[in-house]
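Structure record follows, encoded as structure tokens.
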2 protein chains.
Amino acid sequence: VASVQRDLNPTPGGADQGGAATNRRILLTRLPAGRLSADVFALDAAPTPVPGPGEVLCRTLYISIDPANRAWMQGRTYRARLGTNEVMPANTLCEVVGGDLAPGTLVLAQAGWQDYAVLPVSGLDPVPEAPALRQYLGALGITGMAAYFGLHNVARVQEGDTVVISAAAGATGHLAGQLAAIHGCRVVGIAGSRAKNRWLVAELGFDGAVDYHDADWRDQVRGLCADGIDVYFDNVGGPVLEAILPLMNVHGRIACCGAIASYDTGTPDTRVAGIPGRLVNSRLRMEGFLARDFKATWASARQDIAAWLAAGEVRSVIEVVDGLDRTPEALIGLLNGDNVGKRVIRVTATRLDGSPVT
Amino acid sequence: VASVQRDLNPTPGGADQGGAATNRRILLTRLPAGRLSADVFALDAAPTPVPGPGEVLCRTLYISIDPANRAWMQGRTYRARLGTNEVMPANTLCEVVGGDLAPGTLVLAQAGWQDYAVLPVSGLDPVPEAPALRQYLGALGITGMAAYFGLHNVARVQEGDTVVISAAAGATGHLAGQLAAIHGCRVVGIAGSRAKNRWLVAELGFDGAVDYHDADWRDQVRGLCADGIDVYFDNVGGPVLEAILPLMNVHGRIACCGAIASYDTGTPDTRVAGIPGRLVNSRLRMEGFLARDFKATWASARQDIAAWLAAGEVRSVIEVVDGLDRTPEALIGLLNGDNVGKRVIRVTATRLDGSPVT
């Protein structure tokens with residue numbers, strides 16, 4: 001599997017070694033007023049919960065760190081606004097300890113920032129063993145599915161399209177760009193540093209990449225998209241979306257995957273100019289989506305992506321941060337743009353059967 | 001045909017009686033700085049032009065008055081920004097005087113605000129004789145096509161959908177509402193006066209209508225759409241679009257037909273809040289369109305609409321203003337919301353063969 005691990009701390013430090021008596025949990029103690037800071041979280045320990053009928057005790061192996069975690073604190077999104085003094089929710093990869101599924105079964109779950117969670121079996125998504133389990137939060141998980149279905153089912157990319165991707169070095173962006181290239185598209189990324197952009201072009205095969213901190217970044221995008229833009233895979237919204245709109249070709253398509261630009265603030269500015277005028281004039285389609293809306297066909301998408309990974313045609317980069325206690329700083333860093341590719345927390349280095357958490 | 005004529009001046013006053021020697025033209029002498037006023041236009045007279053090979057001399061019967069006429073003055077839209085000291089462009093219904101089509105042939109054309117125009121035959125859309133010719137600028141013309149294809153091909157309305165329509169008493173809106181009702185939808189209109197709204201409900205069969213001047217109009221819409229909004233047929237953009245976004249159901253669709261709210265100004269505010277966040281959270285699709293994009297299937301849409309008109313299931317309301325010289329005031333009034341249904345200028349009361357312009 002052509003995955004790349006960027007271990008930020010190669011020696012698992014704070015990782016739980018599997019004691020089942022207590023459950024370390026990170027609570028959201030209050031909603032942040034401005035930018036996210038670590039003091040809104042608190043680590044505690046509670047008794048490990050016990051599953052009832054139809055439930056499963058899940059042990060968290062990996063926690064997915066996502067920009068959307070911050071958006072959930074702002075208000076109602078596609079889920080209810082987060083309450084306080086509850087475990088911070090998150091997508092996770094878990095193994096089953098007990099209850100109504102076989103022990104050791106791997107499941108994608110919403111276990112949140114804690115070692116253990118009791119969850120209804122109906123909400124779990126069992127996945128088979130794999131060489132790199134962490135890919136279930138990367139190319140084979142929600143971010144990979146977002147890239148795949150966003151491009152194919154929402155933007156409906158065609159061979160020869162010029163595709164622009166924002167947050168291009170992020171979890172979804174770096175995959176979306178590679179999938180678009182496989183589809184025969186010209187791919188231009190927008191990311192937040194020269195280092196990220198060199199990497200996108202040199203390592204991931206993007207045709208070009210632009211740093212939005214450059215004063216002339218709009219001109220650079222225009223220069224790289226001489227035939228206009230057919231598809232914009234938007235992870236950020238805000239001023240970048242606003243600047244891309246006039247560059248879209250007639251009948252262009254904008255797949256709205258996220259709005260990171262407005263997440264890490266208490267006063268989000270979500271006003272984008274040119275709506276709906278530019279949509280009418282250029283007959284643009286803007287469509288929001290969530291990967292889960294396409295769950296019925298995840299299996300075949302996973303097969304496609306797994307084959308590309310195995311053939312080395314797609315690289316799925318995952319940053320592993322070891323230790324549940326480092327989850328807040330990992331999210332704060334992600335919101336500052338520190339990550340390259342997908343960032344995950346490895347909660348424990350060892351499976352219940354003693355094998356490593358790959 | 002169940003059309004209604006609201007003659008604003010029943011006696012054709014300034015209408016040209018068919019003299020072919022001179023061509024009265026209304027020029028756009030400068031681009032308006034703020035709201036449109038009559039002093040940016042000037043009436044002149046020029047020799048009637050002569051068609052060359054591949055061209056046709058067209059005689060204007062009706063001029064379509066459209067909010068988009070004003071948008072064209074703001075800058076590049078789906079056409080180049082208007083130049084000055086040129087004939088004000090407009091969609092028209094003409095009859096052929098001479099050239100490469102048979103005299104008397106009816107054509108939809110871009111003849112503009114003048115008695116005569118020489119146009120390439122390739123740009124003309126011949127239409128058959130009909131009991132009410134003016135319907136070719138109404139239900140059987142671009143506005144009818146916009147209502148039909150916007151609902152069916154862009155919004156993809158389904159039976160049982162709740163459909164909200166802005167500028168609901170306007171040319172496209174009053175048709176779109178009736179077509180949605182035929183399709184088995186619940187239809188709620190938003191318009192600018194109580195009189196318009198009474199008419200929409202009592203005469204056109206809307207399930208409800210709201211005056212956006214009311215302070216609580218958002219609550220009124222919410223109350224009329226107890227199951228949320230599945231489709232928003234947007235003619236206006238701006239604050240109304242912004243207010244509708246939070247009321248849209250998951251997987252709702254917004255057909256972007258126009259942005260009247262930002263047309264009649266030199267400093268359009270086109271910033272709409274909630275983009276793209278609400279699109280993502282509720283997985284909304286916003287899509288801009290022009291009727292002309294669907295030209296390949298206009299014929300079958302016209303058949304459908306003509307049958308509904310004949311059966312009295314759709315009423316296509318057309319306000320006829322007589323006299324080329326009244327075109328500026330007719331457009332200014334339209335931008336002030338004075339119109340109900342489609343507004344047209346009847347340039348001449350008599351066809352070349354002496355029959356009336358119906």
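Chain labels follow the order of the structure tokens: the first chain is A, the next B, and so on; residue numbering restarts at 1 in every chain, and ligands are counted from 1 in their shown order.
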Practice task
Name all residues at most 9 Å from Leu137 (chain A) (count only C-alpha atoms; drop same-chain ones fewer than 2 positions away) and give them as a PyMOL selection string.
Solution key: chain A and resi 62-64+91-93+108+133-135+139-144+318+342-344
Under the rule of at most 8 Å, produce a per-residue listing of chain A near chain B: chain, number, name, the closest pair of atoms, and the distance in Å, as a Markdown table, using only C-alpha atoms.
| residue | atom | partner | partner_atom | distance |
| --- | --- | --- | --- | --- |
| A:Thr77 | CA | B:Asn281 | CA | 5.2 |
| A:Tyr78 | CA | B:Asn281 | CA | 4.6 |
| A:Gly237 | CA | B:Pro276 | CA | 5.9 |
| A:Cys256 | CA | B:Val280 | CA | 6.0 |
| A:Cys257 | CA | B:Val280 | CA | 6.3 |
| A:Gly258 | CA | B:Val280 | CA | 6.4 |
| A:Ala259 | CA | B:Gly277 | CA | 5.8 |
| A:Asp269 | CA | B:Ala273 | CA | 7.6 |
| A:Thr270 | CA | B:Ala273 | CA | 5.0 |
| A:Arg271 | CA | B:Ala273 | CA | 4.1 |
| A:Val272 | CA | B:Arg271 | CA | 4.9 |
| A:Ala273 | CA | B:Arg271 | CA | 4.1 |
| A:Gly274 | CA | B:Thr270 | CA | 5.3 |
| A:Ile275 | CA | B:Thr270 | CA | 5.9 |
| A:Pro276 | CA | B:Gly237 | CA | 5.9 |
| A:Gly277 | CA | B:Ala259 | CA | 5.9 |
| A:Arg278 | CA | B:Thr77 | CA | 7.8 |
| A:Leu279 | CA | B:Gly288 | CA | 4.5 |
| A:Val280 | CA | B:Gly288 | CA | 3.9 |
| A:Asn281 | CA | B:Tyr78 | CA | 4.6 |
| A:Ser282 | CA | B:Tyr78 | CA | 6.5 |
| A:Arg283 | CA | B:Gly288 | CA | 4.3 |
| A:Leu284 | CA | B:Gly288 | CA | 5.4 |
| A:Arg285 | CA | B:Glu287 | CA | 4.2 |
| A:Met286 | CA | B:Met286 | CA | 5.2 |
| A:Glu287 | CA | B:Arg285 | CA | 4.2 |
| A:Gly288 | CA | B:Val280 | CA | 3.9 |
| A:Phe289 | CA | B:Arg283 | CA | 4.7 |
| A:Leu290 | CA | B:Val280 | CA | 7.0 |
Problem - Selected residue, from B:Ala38, B:Ala299, B:Ile26, B:Ala195, that lies nearest to Glu329 (chain B) when counting only C-alpha atoms - result: B:Ala38
Problem - Those of region 200-328 of chain A in DSSP helix (DSSP H, G or I), formatted as a ChimeraX atom specification - result: /A:200-202,217-224,238-247,260-262,277-281,291-310,324-328
Handout entry: Spatial neighbours of region 201-209 of chain B, 12 Å, only C-alpha atoms, chain gap at least 4 places, as number ranges by chain
Key = B: 2, 4, 162-169, 173-182, 184-197, 214, 217-218, 220-225, 312-317, 341
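Of note, CA of Leu309 (chain B) and CA of Pro131 (chain B) are spaced 11.6 Å apart.
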